[in-house]
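Raw coords_32.cif, mmCIF, C-alpha atoms:
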```cif
data_protein
loop_
_atom_site.label_atom_id
_atom_site.label_comp_id
_atom_site.auth_asym_id
_atom_site.auth_seq_id
_atom_site.Cartn_x
_atom_site.Cartn_y
_atom_site.Cartn_z
CA MET E 70 0.00 0.00 0.00
CA SER E 71 1.27 3.51 -0.82
CA LYS E 72 2.03 5.98 1.95
CA PRO E 73 -0.71 8.45 2.93
CA ILE E 74 -0.12 11.99 1.64
CA VAL E 75 -0.44 14.93 4.06
CA ALA E 76 -0.38 18.48 2.66
CA VAL E 77 0.27 21.58 4.76
CA VAL E 78 -1.69 24.52 3.28
CA GLY E 79 -2.56 28.03 4.37
CA ARG E 80 -1.94 31.70 3.68
CA PRO E 81 1.64 32.89 3.15
CA ASN E 82 3.74 33.51 6.26
CA VAL E 83 1.71 31.52 8.79
CA GLY E 84 4.62 29.12 9.46
CA LYS E 85 3.99 26.23 7.05
CA SER E 86 7.68 25.63 6.35
CA THR E 87 8.53 25.80 10.07
CA LEU E 88 5.85 23.20 10.79
CA PHE E 89 7.07 21.06 7.89
CA ASN E 90 10.60 21.12 9.29
CA ALA E 91 9.37 20.34 12.80
CA ILE E 92 7.48 17.25 11.62
CA ALA E 93 10.15 16.13 9.14
CA GLY E 94 12.81 16.50 11.84
CA SER E 95 15.21 18.64 9.84
CA ASN E 96 15.43 22.03 8.21
CA ILE E 97 14.40 20.96 4.72
CA SER E 98 12.21 23.94 3.81
CA ILE E 99 13.50 27.47 3.45
CA VAL E 100 12.20 29.49 6.40
CA LYS E 101 12.00 33.25 5.98
CA ASP E 102 9.56 35.95 7.09
CA THR E 103 8.91 37.04 3.51
CA PRO E 104 5.54 35.85 2.18
CA GLY E 105 5.92 33.54 -0.82
CA VAL E 106 9.49 32.39 -0.16
CA THR E 107 8.51 28.70 -0.45
CA ARG E 108 7.96 28.38 -4.17
CA ASP E 109 9.06 24.79 -4.67
CA ARG E 110 6.96 22.06 -3.18
CA ILE E 111 9.11 20.00 -0.90
CA TYR E 112 8.22 16.54 0.33
CA ALA E 113 9.57 14.33 3.10
CA ASP E 114 8.83 10.82 4.31
CA CYS E 115 7.84 11.06 7.98
CA THR E 116 6.85 8.52 10.64
CA TRP E 117 4.30 8.89 13.44
CA LEU E 118 3.26 6.00 15.72
CA ASN E 119 4.71 3.39 13.33
CA THR E 120 2.86 4.89 10.35
CA THR E 121 4.92 6.34 7.52
CA PHE E 122 3.43 9.14 5.45
CA THR E 123 4.60 11.66 2.86
CA LEU E 124 4.41 15.28 3.99
CA ILE E 125 4.07 18.05 1.38
CA ASP E 126 5.02 21.66 2.03
CA THR E 127 3.22 24.13 -0.26
CA GLY E 128 3.39 27.76 -1.26
CA GLY E 129 0.92 30.01 0.54
CA ILE E 130 -2.59 30.50 -0.83
CA GLU E 131 -3.62 34.10 -1.60
CA PRO E 132 -7.18 33.62 -2.89
CA ASP E 133 -7.60 37.04 -4.55
CA SER E 134 -4.02 37.90 -5.43
CA GLY E 135 -3.28 39.03 -8.97
CA ASP E 136 0.45 38.57 -8.44
CA VAL E 137 1.75 36.02 -10.96
CA ILE E 138 3.88 34.06 -8.49
CA LEU E 139 1.21 34.03 -5.78
CA SER E 140 -1.45 32.93 -8.27
CA GLN E 141 0.80 30.09 -9.42
CA MET E 142 1.41 29.13 -5.80
CA ARG E 143 -2.37 29.07 -5.33
CA ALA E 144 -2.63 26.65 -8.27
CA GLN E 145 0.13 24.48 -6.79
CA ALA E 146 -1.60 24.39 -3.42
CA GLN E 147 -4.77 23.28 -5.21
CA ILE E 148 -2.83 20.35 -6.69
CA ALA E 149 -1.53 19.52 -3.20
CA ILE E 150 -5.14 19.51 -1.97
CA ASP E 151 -6.17 17.21 -4.83
CA THR E 152 -3.24 14.86 -4.17
CA ALA E 153 -3.46 14.66 -0.38
CA ASP E 154 -5.30 12.14 1.77
CA VAL E 155 -5.34 14.56 4.73
CA ILE E 156 -4.87 18.35 4.77
CA ILE E 157 -3.39 20.41 7.60
CA PHE E 158 -4.87 23.92 7.34
CA LEU E 159 -2.45 26.22 9.17
CA THR E 160 -3.48 29.64 10.51
CA ASP E 161 -1.73 32.26 12.63
CA VAL E 162 -3.06 33.18 16.11
CA ARG E 163 -1.06 36.43 16.20
CA GLN E 164 -2.53 37.72 12.94
CA GLY E 165 -5.98 36.50 13.96
CA MET E 166 -8.61 35.13 11.59
CA GLN E 167 -8.30 36.86 8.23
CA ASP E 168 -10.76 37.15 5.34
CA ALA E 169 -8.27 35.10 3.27
CA ASP E 170 -8.50 32.28 5.86
CA THR E 171 -12.25 32.10 5.24
CA LYS E 172 -11.68 31.82 1.49
CA VAL E 173 -9.05 29.10 1.94
CA ALA E 174 -11.46 27.25 4.24
CA ASP E 175 -14.11 27.41 1.50
CA MET E 176 -11.61 25.93 -0.98
CA LEU E 177 -10.79 23.11 1.45
CA ARG E 178 -14.46 22.34 2.13
CA ARG E 179 -15.03 21.86 -1.60
CA SER E 180 -12.20 19.30 -1.70
CA ARG E 181 -14.24 16.96 0.56
CA LYS E 182 -10.93 15.81 2.07
CA PRO E 183 -10.30 15.45 5.84
CA VAL E 184 -9.04 18.84 7.07
CA ILE E 185 -7.25 19.38 10.39
CA LEU E 186 -7.27 23.01 11.49
CA ALA E 187 -4.06 24.06 13.27
CA VAL E 188 -3.55 27.48 14.86
CA ASN E 189 0.16 28.29 14.89
CA LYS E 190 2.39 30.54 17.03
CA VAL E 191 0.58 29.64 20.27
CA ASP E 192 3.72 29.84 22.42
CA SER E 193 1.64 30.09 25.59
CA PHE E 194 -1.65 28.22 25.87
CA GLN E 195 -2.79 30.41 28.81
CA LYS E 196 -2.09 33.62 26.93
CA PHE E 197 -3.50 32.73 23.51
CA MET E 198 -6.31 30.16 24.05
CA ALA E 199 -9.06 32.82 23.95
CA ASP E 200 -7.74 33.92 20.54
CA VAL E 201 -7.64 30.29 19.33
CA TYR E 202 -11.41 29.94 19.90
CA GLU E 203 -11.98 32.65 17.27
CA PHE E 204 -11.00 30.11 14.57
CA TYR E 205 -14.12 28.03 15.29
CA ASN E 206 -15.81 30.64 13.07
CA LEU E 207 -14.13 29.04 10.03
CA GLY E 208 -16.57 26.16 10.44
CA ILE E 209 -13.96 23.59 9.55
CA GLY E 210 -13.58 21.73 12.84
CA ASP E 211 -11.87 22.08 16.19
CA PRO E 212 -8.77 24.31 16.08
CA ILE E 213 -5.64 22.62 17.48
CA PRO E 214 -3.24 25.10 19.12
CA ILE E 215 0.42 24.56 18.21
CA SER E 216 3.75 26.33 18.07
CA ALA E 217 5.82 24.98 15.20
CA ALA E 218 8.87 27.00 16.28
CA SER E 219 8.71 25.74 19.87
CA ARG E 220 7.55 22.21 18.90
CA LEU E 221 4.41 22.54 21.09
CA GLY E 222 1.21 20.65 20.32
CA ILE E 223 2.62 18.82 17.32
CA GLY E 224 1.90 15.41 18.86
CA ASP E 225 -1.79 16.30 19.27
CA LEU E 226 -1.84 17.57 15.68
CA LEU E 227 -0.32 14.40 14.23
CA GLU E 228 -2.66 12.25 16.32
CA ALA E 229 -5.62 14.03 14.73
CA VAL E 230 -4.06 13.66 11.27
CA ALA E 231 -3.37 9.93 11.71
CA GLU E 232 -7.01 9.24 12.56
CA HIS E 233 -7.87 10.04 8.94
CA PHE E 234 -5.19 7.91 7.28
CA PRO E 235 -6.84 5.50 4.82
CA GLN E 236 -6.86 1.91 6.01
CA SER E 237 -5.77 -0.80 3.57
CA SER E 238 -9.05 -2.07 2.20
CA VAL E 239 -9.93 -5.68 1.41
CA GLU E 240 -10.33 -4.67 -2.21
CA GLU E 241 -6.80 -3.28 -2.34
CA ALA E 242 -5.38 -6.37 -0.64
CA GLU E 243 -7.10 -8.60 -3.19
CA ASP E 244 -6.01 -6.54 -6.21
CA GLU E 245 -3.01 -8.50 -7.42
CA ARG E 246 -2.80 -6.82 -10.81
CA PRO E 247 0.75 -5.63 -11.49
CA ARG E 248 1.00 -1.86 -11.07
CA VAL E 249 3.45 -0.17 -13.41
CA ALA E 250 4.41 3.52 -13.11
CA ILE E 251 5.76 5.17 -16.25
CA VAL E 252 8.05 8.06 -15.29
CA GLY E 253 10.51 10.32 -17.06
CA LYS E 254 11.20 13.85 -18.21
CA PRO E 255 8.45 15.72 -20.07
CA ASN E 256 7.90 14.84 -23.72
CA VAL E 257 9.85 11.57 -23.78
CA GLY E 258 6.74 9.65 -24.89
CA LYS E 259 5.28 8.23 -21.69
CA SER E 260 1.66 8.81 -22.74
CA SER E 261 2.39 7.59 -26.28
CA ILE E 262 3.68 4.29 -24.90
CA ILE E 263 0.45 3.73 -22.94
CA ASN E 264 -1.67 4.70 -25.94
CA ARG E 265 0.22 2.22 -28.11
CA LEU E 266 -0.22 -0.54 -25.52
CA THR E 267 -3.96 0.09 -25.18
CA GLY E 268 -4.51 0.60 -28.88
CA GLU E 269 -6.48 3.77 -28.26
CA ASN E 270 -5.83 7.36 -27.26
CA ARG E 271 -6.59 7.03 -23.54
CA VAL E 272 -4.06 9.69 -22.50
CA ILE E 273 -3.67 13.15 -24.03
CA VAL E 274 -0.58 13.22 -26.22
CA SER E 275 0.93 16.56 -27.19
CA ASP E 276 4.31 17.91 -28.27
CA ILE E 277 4.01 20.49 -25.51
CA ALA E 278 6.23 19.31 -22.68
CA GLY E 279 4.31 18.67 -19.48
CA THR E 280 0.86 18.01 -20.98
CA THR E 281 0.21 15.25 -18.45
CA ARG E 282 -0.12 16.81 -15.01
CA ASP E 283 -2.13 14.13 -13.22
CA ALA E 284 -1.20 10.53 -12.57
CA ILE E 285 -3.66 8.53 -14.66
CA ASP E 286 -4.41 4.81 -14.17
CA THR E 287 -4.97 2.79 -17.34
CA VAL E 288 -5.78 -0.93 -17.32
CA VAL E 289 -4.15 -2.85 -20.18
CA ARG E 290 -5.02 -6.48 -20.90
CA HIS E 291 -2.35 -8.73 -22.42
CA ASN E 292 -2.48 -12.52 -22.75
CA LYS E 293 -5.60 -12.68 -20.52
CA LYS E 294 -3.82 -10.76 -17.75
CA ASP E 295 -4.53 -7.19 -16.56
CA TYR E 296 -1.80 -4.62 -15.90
CA VAL E 297 -2.43 -1.20 -14.32
CA PHE E 298 -0.26 1.49 -15.92
CA ILE E 299 0.18 4.77 -14.05
CA ASP E 300 1.16 7.66 -16.33
CA THR E 301 2.77 10.59 -14.52
CA ALA E 302 3.56 14.22 -15.07
CA GLY E 303 6.97 14.69 -16.67
CA LEU E 304 9.88 15.93 -14.59
CA ARG E 305 12.29 18.56 -15.83
CA ARG E 306 15.30 20.44 -14.48
CA LYS E 307 14.45 23.44 -12.31
CA ASN E 308 16.33 25.93 -14.50
CA LYS E 309 14.21 24.87 -17.46
CA VAL E 310 10.91 25.40 -15.72
CA LYS E 311 9.14 28.45 -17.05
CA GLU E 312 5.83 27.74 -15.37
CA ASP E 313 6.23 27.23 -11.64
CA LEU E 314 3.46 24.62 -11.62
CA GLU E 315 5.67 22.16 -13.52
CA ARG E 316 8.03 21.82 -10.55
CA TYR E 317 5.22 20.33 -8.54
CA SER E 318 5.09 17.24 -10.75
CA ILE E 319 7.78 15.55 -8.66
CA ILE E 320 5.10 14.93 -6.01
CA ARG E 321 3.01 13.20 -8.66
CA THR E 322 5.95 11.00 -9.54
CA VAL E 323 6.75 10.15 -5.93
CA THR E 324 3.15 9.15 -5.22
CA ALA E 325 2.89 7.15 -8.46
CA VAL E 326 6.14 5.31 -7.68
CA GLU E 327 4.87 4.55 -4.17
CA ARG E 328 1.80 2.83 -5.65
CA ALA E 329 3.74 0.84 -8.25
CA ASP E 330 5.35 -2.60 -8.22
CA VAL E 331 7.50 -1.84 -11.26
CA VAL E 332 8.71 1.54 -12.52
CA ILE E 333 9.49 2.10 -16.19
CA VAL E 334 11.93 4.99 -16.56
CA VAL E 335 11.50 6.37 -20.09
CA ILE E 336 14.55 7.95 -21.73
CA ASP E 337 14.50 9.89 -25.01
CA ALA E 338 16.91 8.19 -27.43
CA THR E 339 17.31 11.41 -29.43
CA GLU E 340 18.50 13.30 -26.31
CA GLY E 341 20.46 10.51 -24.66
CA VAL E 342 20.58 9.69 -20.97
CA THR E 343 20.92 12.74 -18.69
CA GLU E 344 21.47 13.64 -15.04
CA GLN E 345 17.76 14.43 -14.79
CA ASP E 346 17.01 10.84 -15.85
CA ALA E 347 19.27 9.74 -12.98
CA LYS E 348 17.29 11.87 -10.48
CA ILE E 349 14.02 10.40 -11.70
CA ALA E 350 15.34 6.83 -11.56
CA GLY E 351 16.71 7.55 -8.08
CA ILE E 352 13.17 8.09 -6.75
CA ALA E 353 12.28 4.50 -7.74
CA HIS E 354 15.64 3.09 -6.58
CA ASP E 355 15.34 4.71 -3.13
CA ARG E 356 11.94 3.05 -2.69
CA GLY E 357 13.15 -0.41 -3.67
CA LYS E 358 10.96 -0.78 -6.75
CA GLY E 359 11.53 -3.02 -9.74
CA ILE E 360 13.04 -0.90 -12.52
CA ILE E 361 12.98 -1.15 -16.33
CA ILE E 362 14.73 1.51 -18.41
CA ALA E 363 12.86 2.05 -21.69
CA VAL E 364 14.81 3.96 -24.33
CA ASN E 365 12.00 5.42 -26.47
CA LYS E 366 12.11 6.93 -30.00
CA TRP E 367 14.64 4.26 -30.99
CA ASP E 368 13.23 4.37 -34.54
CA ALA E 369 14.52 7.97 -34.86
CA ILE E 370 18.17 6.96 -34.30
CA ASN E 371 20.67 6.23 -37.09
CA LYS E 372 22.10 2.88 -36.05
CA ASP E 373 25.10 0.69 -36.74
CA ASN E 374 26.35 -2.54 -35.15
CA ASN E 375 27.66 -0.71 -32.05
CA THR E 376 24.78 1.71 -31.36
CA VAL E 377 23.01 -0.46 -28.79
CA LYS E 378 26.29 -1.31 -27.05
CA LYS E 379 27.38 2.34 -26.82
CA PHE E 380 23.99 3.53 -25.59
CA THR E 381 23.87 0.76 -22.98
CA GLU E 382 27.35 1.66 -21.73
CA LYS E 383 26.34 5.32 -21.34
CA ILE E 384 23.20 4.35 -19.41
CA ARG E 385 25.23 2.09 -17.10
CA LEU E 386 27.72 4.91 -16.56
CA ILE E 387 25.24 7.67 -15.72
CA LEU E 388 22.82 5.35 -13.90
CA SER E 389 25.65 3.49 -12.16
CA PHE E 390 23.51 2.95 -9.04
CA LEU E 391 21.13 0.79 -11.14
CA PRO E 392 23.35 -2.05 -12.40
CA TYR E 393 20.40 -4.43 -11.94
CA ALA E 394 17.89 -2.44 -14.06
CA GLU E 395 16.67 -4.03 -17.29
CA ILE E 396 17.16 -1.96 -20.47
CA MET E 397 14.81 -2.02 -23.47
CA PHE E 398 15.02 -0.10 -26.75
CA VAL E 399 11.49 0.70 -27.90
CA SER E 400 9.41 2.95 -30.13
CA ALA E 401 5.95 4.18 -29.20
CA VAL E 402 5.42 5.32 -32.80
CA SER E 403 6.16 1.98 -34.51
CA GLY E 404 5.36 -0.25 -31.52
CA GLN E 405 8.85 -1.78 -31.74
CA ARG E 406 9.45 -4.22 -28.82
CA LEU E 407 6.60 -2.75 -26.75
CA LEU E 408 4.82 -6.09 -26.38
CA LYS E 409 8.03 -7.57 -24.95
CA MET E 410 7.62 -5.07 -22.12
CA PHE E 411 4.92 -7.28 -20.55
CA ASP E 412 7.30 -10.26 -20.35
CA MET E 413 9.93 -7.99 -18.79
CA ILE E 414 7.41 -6.67 -16.22
CA ASP E 415 6.46 -10.27 -15.28
CA THR E 416 10.13 -11.20 -14.88
CA VAL E 417 10.89 -8.21 -12.67
CA ILE E 418 7.84 -8.82 -10.44
CA GLU E 419 8.81 -12.49 -10.11
CA ASN E 420 12.31 -11.43 -9.01
CA GLN E 421 10.89 -8.84 -6.60
CA ASN E 422 8.99 -11.65 -4.87
CA LEU E 423 11.75 -14.29 -5.03
CA ARG E 424 12.60 -15.98 -1.70
CA ILE E 425 15.81 -17.91 -1.10
CA ALA E 426 16.06 -20.59 1.60
CA THR E 427 18.43 -19.73 4.46
CA GLY E 428 20.46 -22.91 3.94
CA VAL E 429 21.11 -22.11 0.27
CA LEU E 430 21.99 -18.49 1.09
CA ASN E 431 24.59 -19.56 3.63
CA GLU E 432 26.19 -21.99 1.20
CA ILE E 433 26.75 -19.02 -1.14
CA LEU E 434 27.99 -16.91 1.78
CA THR E 435 30.50 -19.57 2.87
CA GLU E 436 31.85 -19.85 -0.67
CA ALA E 437 32.04 -16.05 -1.05
CA VAL E 438 33.99 -15.66 2.21
CA ALA E 439 36.39 -18.44 1.16
CA LEU E 440 37.07 -16.73 -2.18
CA GLN E 441 37.52 -13.23 -0.74
CA GLN E 442 38.51 -12.77 2.88
CA PRO E 443 36.36 -10.27 4.87
CA PRO E 444 38.04 -6.92 5.67
CA SER E 445 39.88 -6.18 8.91
CA ASP E 446 40.78 -3.05 10.83
CA ARG E 447 43.56 -2.67 13.42
CA GLY E 448 43.93 -6.40 13.84
CA ARG E 449 40.18 -7.09 14.20
CA ARG E 450 38.65 -9.06 11.31
CA LEU E 451 35.03 -9.08 10.22
CA LYS E 452 33.19 -12.34 10.87
CA ILE E 453 29.87 -13.06 9.16
CA PHE E 454 28.00 -15.70 11.17
CA TYR E 455 25.06 -16.25 8.85
CA MET E 456 22.56 -14.60 6.50
CA THR E 457 18.80 -14.92 6.09
CA GLN E 458 16.14 -13.35 3.87
CA VAL E 459 13.47 -11.51 5.86
CA SER E 460 11.19 -9.97 3.22
CA VAL E 461 10.44 -9.34 -0.46
CA LYS E 462 9.62 -6.29 -2.64
CA PRO E 463 12.53 -5.63 -2.53
CA PRO E 464 14.26 -8.86 -1.43
CA THR E 465 15.80 -7.98 1.94
CA PHE E 466 18.59 -9.88 3.68
CA VAL E 467 19.96 -9.67 7.23
CA LEU E 468 23.66 -10.38 7.79
CA PHE E 469 24.70 -11.20 11.36
CA VAL E 470 28.28 -10.07 12.03
CA ASN E 471 30.66 -9.57 14.94
CA ASP E 472 31.14 -5.82 14.32
CA LYS E 473 28.99 -3.58 12.07
CA GLU E 474 31.81 -1.06 11.69
CA LEU E 475 33.95 -3.67 9.91
CA MET E 476 31.25 -4.42 7.30
CA HIS E 477 32.48 -2.10 4.57
CA TYR E 478 30.10 -1.05 1.78
CA SER E 479 32.34 -2.66 -0.84
CA TYR E 480 32.15 -6.06 0.87
CA THR E 481 28.35 -5.81 1.09
CA ARG E 482 28.35 -5.12 -2.66
CA TYR E 483 30.60 -8.16 -3.17
CA ILE E 484 28.10 -10.38 -1.29
CA GLU E 485 25.27 -8.87 -3.35
CA ASN E 486 27.10 -9.66 -6.59
CA ARG E 487 27.59 -13.28 -5.51
CA ILE E 488 23.84 -13.59 -4.77
CA ARG E 489 22.98 -12.06 -8.13
CA GLU E 490 25.35 -14.48 -9.91
CA ALA E 491 23.48 -17.37 -8.31
CA PHE E 492 19.86 -16.17 -8.57
CA GLY E 493 19.80 -13.27 -11.03
CA PHE E 494 17.32 -10.92 -9.35
CA ARG E 495 17.09 -9.04 -12.68
CA GLY E 496 15.32 -5.71 -12.45
CA THR E 497 15.15 -5.44 -8.67
CA SER E 498 17.34 -3.88 -6.03
CA LEU E 499 18.46 -5.94 -3.03
CA LYS E 500 18.47 -4.54 0.49
CA PHE E 501 20.97 -5.59 3.15
CA ILE E 502 20.60 -5.04 6.91
CA ILE E 503 23.70 -5.54 9.04
CA ARG E 504 23.16 -6.76 12.61
CA GLU E 505 25.72 -7.36 15.35
CA ARG E 506 25.75 -10.59 17.31
CA LYS E 507 28.16 -11.53 20.06
CA GLU E 508 30.51 -14.39 19.39
CA LYS E 509 29.77 -17.58 21.28
#
```
Structure encoded using structure tokens:
Amino acid sequence: MSKPIVAVVGRPNVGKSTLFNAIAGSNISIVKDTPGVTRDRIYADCTWLNTTFTLIDTGGIEPDSGDVILSQMRAQAQIAIDTADVIIFLTDVRQGMQDADTKVADMLRRSRKPVILAVNKVDSFQKFMADVYEFYNLGIGDPIPISAASRLGIGDLLEAVAEHFPQSSVEEAEDERPRVAIVGKPNVGKSSIINRLTGENRVIVSDIAGTTRDAIDTVVRHNKKDYVFIDTAGLRRKNKVKEDLERYSIIRTVTAVERADVVIVVIDATEGVTEQDAKIAGIAHDRGKGIIIAVNKWDAINKDNNTVKKFTEKIRLILSFLPYAEIMFVSAVSGQRLLKMFDMIDTVIENQNLRIATGVLNEILTEAVALQQPPSDRGRRLKIFYMTQVSVKPPTFVLFVNDKELMHYSYTRYIENRIREAFGFRGTSLKFIIRERKEK
């Protein structure tokens, strides 16, 4: 199940970024007393009472502002509202209830989403509680007094938020259809690929970069099996964004990736692989998803006997953190190799769910240690007692050792390579957890 999405919205300069940083546990958002300083949406994965959720910080909403930036921030906040499962509506006790607060409250009521009203800058409950009661007039629920700067009342706020987190439904648990997110920069052909697979124009296709702003689910049937494809808004580099709204699409991609089993990272063959492609692929890699790299527009490339080899080498170089990812060269226009994508998706999902018996794993471990001695430091050598697989999606292994500090990253990678040689695990990352155990 994907993580719940919580959006923090409100007028400019009520302390949204300060609250975001307080919940996220670090100073991620820019905090400044100038209204409108938070122009990029920033997200963070947070945990409260064993529940992980994605928190979105937004630009302030100025309902009647004609200012170009503020109006764009209003549009971005509306997307945050549409995306979120729960909304924290932040107000300012020191400024009191403003006319703009009433208009924001009206916007939130229309969303029909759970809204938690928080009144910020309440540094003293005794001093400000009478002023907090004024916010009942918004008609949007009980106001919760907090101070983001002083970290007061945040526990009560998160408790109220968590009550509205969607529970995993029986329907969702029973839905075993593979979910495939198609991500990539704008205009690389993500929507065209889905249209070709469905045989109809289900998704708007345009040469204007960034046409697709919403994540759209499309069911595709192949060989009597259903696949759910999630098309996402394209991502582009910040310095190429002319319309501020485009920057927000990273939230769309994060949420789409969260919901997916397999992520297809689409690269434009005519542009080649770029650092932005690496950032996009990194979102899927960090979340342990199965990954397929689809090089689209392959029909538009002049080819010789070495073209595929050279392109593959460049992908492996720039996306060096994805040595396991499968690579396909496709064309949405001609349909070249697109049907093979289904076989690749099935393979990756099978590998994501592959379980290896502990006995077999430790045979491989014993052989690996015999071939390459574990590292040592100041006369103390690493000992690996045994290894076991504890979960799937992604396959996760626990290594029990005498000293975690001696388990160097390079040796973990060596163990991973030995496991991949034996079992493949094509298309999926592997996760390793190192645990200390005292020697008997």
Using only C-alpha atoms, what residues lie at most 12 Å away from (14.8, -15.2, -16.4) (file coordinates), given as a short mmCIF file (atom, residue, chain, number, x, y, z; two decimals) with C-alpha atoms, keeping the file's coordinate frame?
```cif
data_model
loop_
_atom_site.label_atom_id
_atom_site.label_comp_id
_atom_site.auth_asym_id
_atom_site.auth_seq_id
_atom_site.Cartn_x
_atom_site.Cartn_y
_atom_site.Cartn_z
CA GLU E 395 16.67 -4.03 -17.29
CA ASP E 412 7.30 -10.26 -20.35
CA MET E 413 9.93 -7.99 -18.79
CA ILE E 414 7.41 -6.67 -16.22
CA ASP E 415 6.46 -10.27 -15.28
CA THR E 416 10.13 -11.20 -14.88
CA VAL E 417 10.89 -8.21 -12.67
CA ILE E 418 7.84 -8.82 -10.44
CA GLU E 419 8.81 -12.49 -10.11
CA ASN E 420 12.31 -11.43 -9.01
CA LEU E 423 11.75 -14.29 -5.03
CA PHE E 492 19.86 -16.17 -8.57
CA GLY E 493 19.80 -13.27 -11.03
CA PHE E 494 17.32 -10.92 -9.35
CA ARG E 495 17.09 -9.04 -12.68
CA GLY E 496 15.32 -5.71 -12.45
#
```
Just give me the gap between CA of Arg504 (chain E) and CA of Phe469 (chain E) in Å, one decimal is fine.
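Atom-to-atom, CA of Arg504 (chain E) and CA of Phe469 (chain E) are spaced 4.9 Å apart.
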To one decimal place, how far is CA of Tyr202 (chain E) from CA of Leu226 (chain E) in Å?
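Computing the Euclidean distance for CA of Tyr202 (chain E) and CA of Leu226 (chain E) yields 16.2 Å.
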Give me the result of the PyMOL selection byres ((chain E and resi 439-446) around 12) on this file, residue by residue, as an MDAnalysis selection string.
chainID E and resid 432:438 447:454 470:481 483:484 487
Measure the distance from CA of Lys190 (chain E) to CA of Ala217 (chain E) in Å and round it to one decimal.
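According to the coordinates, CA of Lys190 (chain E) and CA of Ala217 (chain E) are separated by 6.8 Å.
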Output of the PyMOL selection byres ((chain E and resi 427) around 12), listed as a list of chain:residue names:
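Output of the PyMOL selection byres ((chain E and resi 427) around 12): E:Arg424, E:Ile425, E:Ala426, E:Gly428, E:Val429, E:Leu430, E:Asn431, E:Glu432, E:Ile433, E:Leu434, E:Tyr455, E:Met456, E:Thr457, E:Gln458, E:Val459, E:Phe466, E:Val467, E:Leu468.
Every protein, DNA or RNA residue with an atom at most 10 Å from Gly351 (chain E), where all atoms listed in the file count and chain neighbours fewer than 5 positions away do not, is listed here: Gln345, Asp346, Arg356, Gly357, Leu388, Phe390 and Leu391 of chain E.
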Explicit residues for the PyMOL selection byres ((chain E and resi 360) around 6) (as a ChimeraX atom specification)
/E:331-333,359,361,394,496
I'd like the contact shell of Gly341 (chain E) - 9 Å cut-off, only C-alpha atoms, skipping same-chain residues fewer than 5 positions apart - returned as a PyMOL selection string.
chain E and resi 336+364+380+383-384
When you count all atoms listed in the file, which of these residues is closest to Ala174 (chain E): E:Ala401, E:Val323, E:Val289, E:Leu207?
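Result for the nearest residue to Ala174 (chain E): E:Leu207.
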Exercise: Val230 (chain E) partners within 7 Å, all atoms listed in the file, chain neighbours under 3 positions left out, as JSON, numbers by chain:
{"E": [155, 185, 226, 227, 233]}
Export of the given selection (C-alpha atoms) as an mmCIF file, in the frame of the given file:
```
data_model
loop_
_atom_site.group_PDB
_atom_site.id
_atom_site.type_symbol
_atom_site.label_atom_id
_atom_site.label_comp_id
_atom_site.auth_asym_id
_atom_site.auth_seq_id
_atom_site.Cartn_x
_atom_site.Cartn_y
_atom_site.Cartn_z
ATOM 1 C CA VAL E 155 -5.340 14.560 4.730
ATOM 2 C CA ILE E 185 -7.250 19.380 10.390
ATOM 3 C CA LEU E 226 -1.840 17.570 15.680
ATOM 4 C CA LEU E 227 -0.320 14.400 14.230
ATOM 5 C CA HIS E 233 -7.870 10.040 8.940
#
```
For the point (9.8, 21.7, 16.5) in the file's frame, write as a PDB file with C-alpha atoms, in the coordinates of the input all residues with an atom no more than 9 Å away, counting all atoms listed in the file.
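The result, stored in selection.pdb:
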```pdb
ATOM      1  CA  THR E  87       8.530  25.800  10.070  1.00  0.00           C
ATOM      2  CA  LEU E  88       5.850  23.200  10.790  1.00  0.00           C
ATOM      3  CA  ASN E  90      10.600  21.120   9.290  1.00  0.00           C
ATOM      4  CA  ALA E  91       9.370  20.340  12.800  1.00  0.00           C
ATOM      5  CA  ILE E  92       7.480  17.250  11.620  1.00  0.00           C
ATOM      6  CA  GLY E  94      12.810  16.500  11.840  1.00  0.00           C
ATOM      7  CA  SER E 216       3.750  26.330  18.070  1.00  0.00           C
ATOM      8  CA  ALA E 217       5.820  24.980  15.200  1.00  0.00           C
ATOM      9  CA  ALA E 218       8.870  27.000  16.280  1.00  0.00           C
ATOM     10  CA  SER E 219       8.710  25.740  19.870  1.00  0.00           C
ATOM     11  CA  ARG E 220       7.550  22.210  18.900  1.00  0.00           C
ATOM     12  CA  LEU E 221       4.410  22.540  21.090  1.00  0.00           C
ATOM     13  CA  ILE E 223       2.620  18.820  17.320  1.00  0.00           C
TER      14      ILE E 223
END
```
Contacts of Met166 (chain E) within 9 Å, only C-alpha atoms, excl. fewer than 4 positions in-chain, as a ChimeraX atom specification
/E:160-162,170-171,203-204,206-207
Can you work out which one of E:Ile209, E:Ile362, E:Val252, E:Ala325 has the shortest atom-to-atom distance to Lys72 (chain E), counting only C-alpha atoms?
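Checking each candidate against Lys72 (chain E), we get E:Ala325 as the closest.
For the set E:Ala250, E:Ala231, E:Ala329, E:Thr322, the residue with the smallest atom-to-atom gap to Asn119 (chain E) is E:Ala231, counting only C-alpha atoms.
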Find the residues around Phe234 (chain E) up to 12 Å (all atoms listed in the file counted), leave out those fewer than 3 positions away in its own chain, and share them as a ChimeraX atom specification.
/E:70-75,117,120-123,153-156,182-184,227-231,237-238
Rank nothing, just name the residue among E:Leu408, E:Leu118, E:Leu386, E:Ile157 nearest to Arg290 (chain E), using all atoms listed in the file.
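Looking only at the distances to Arg290 (chain E), the closest residue turns out to be E:Leu408.
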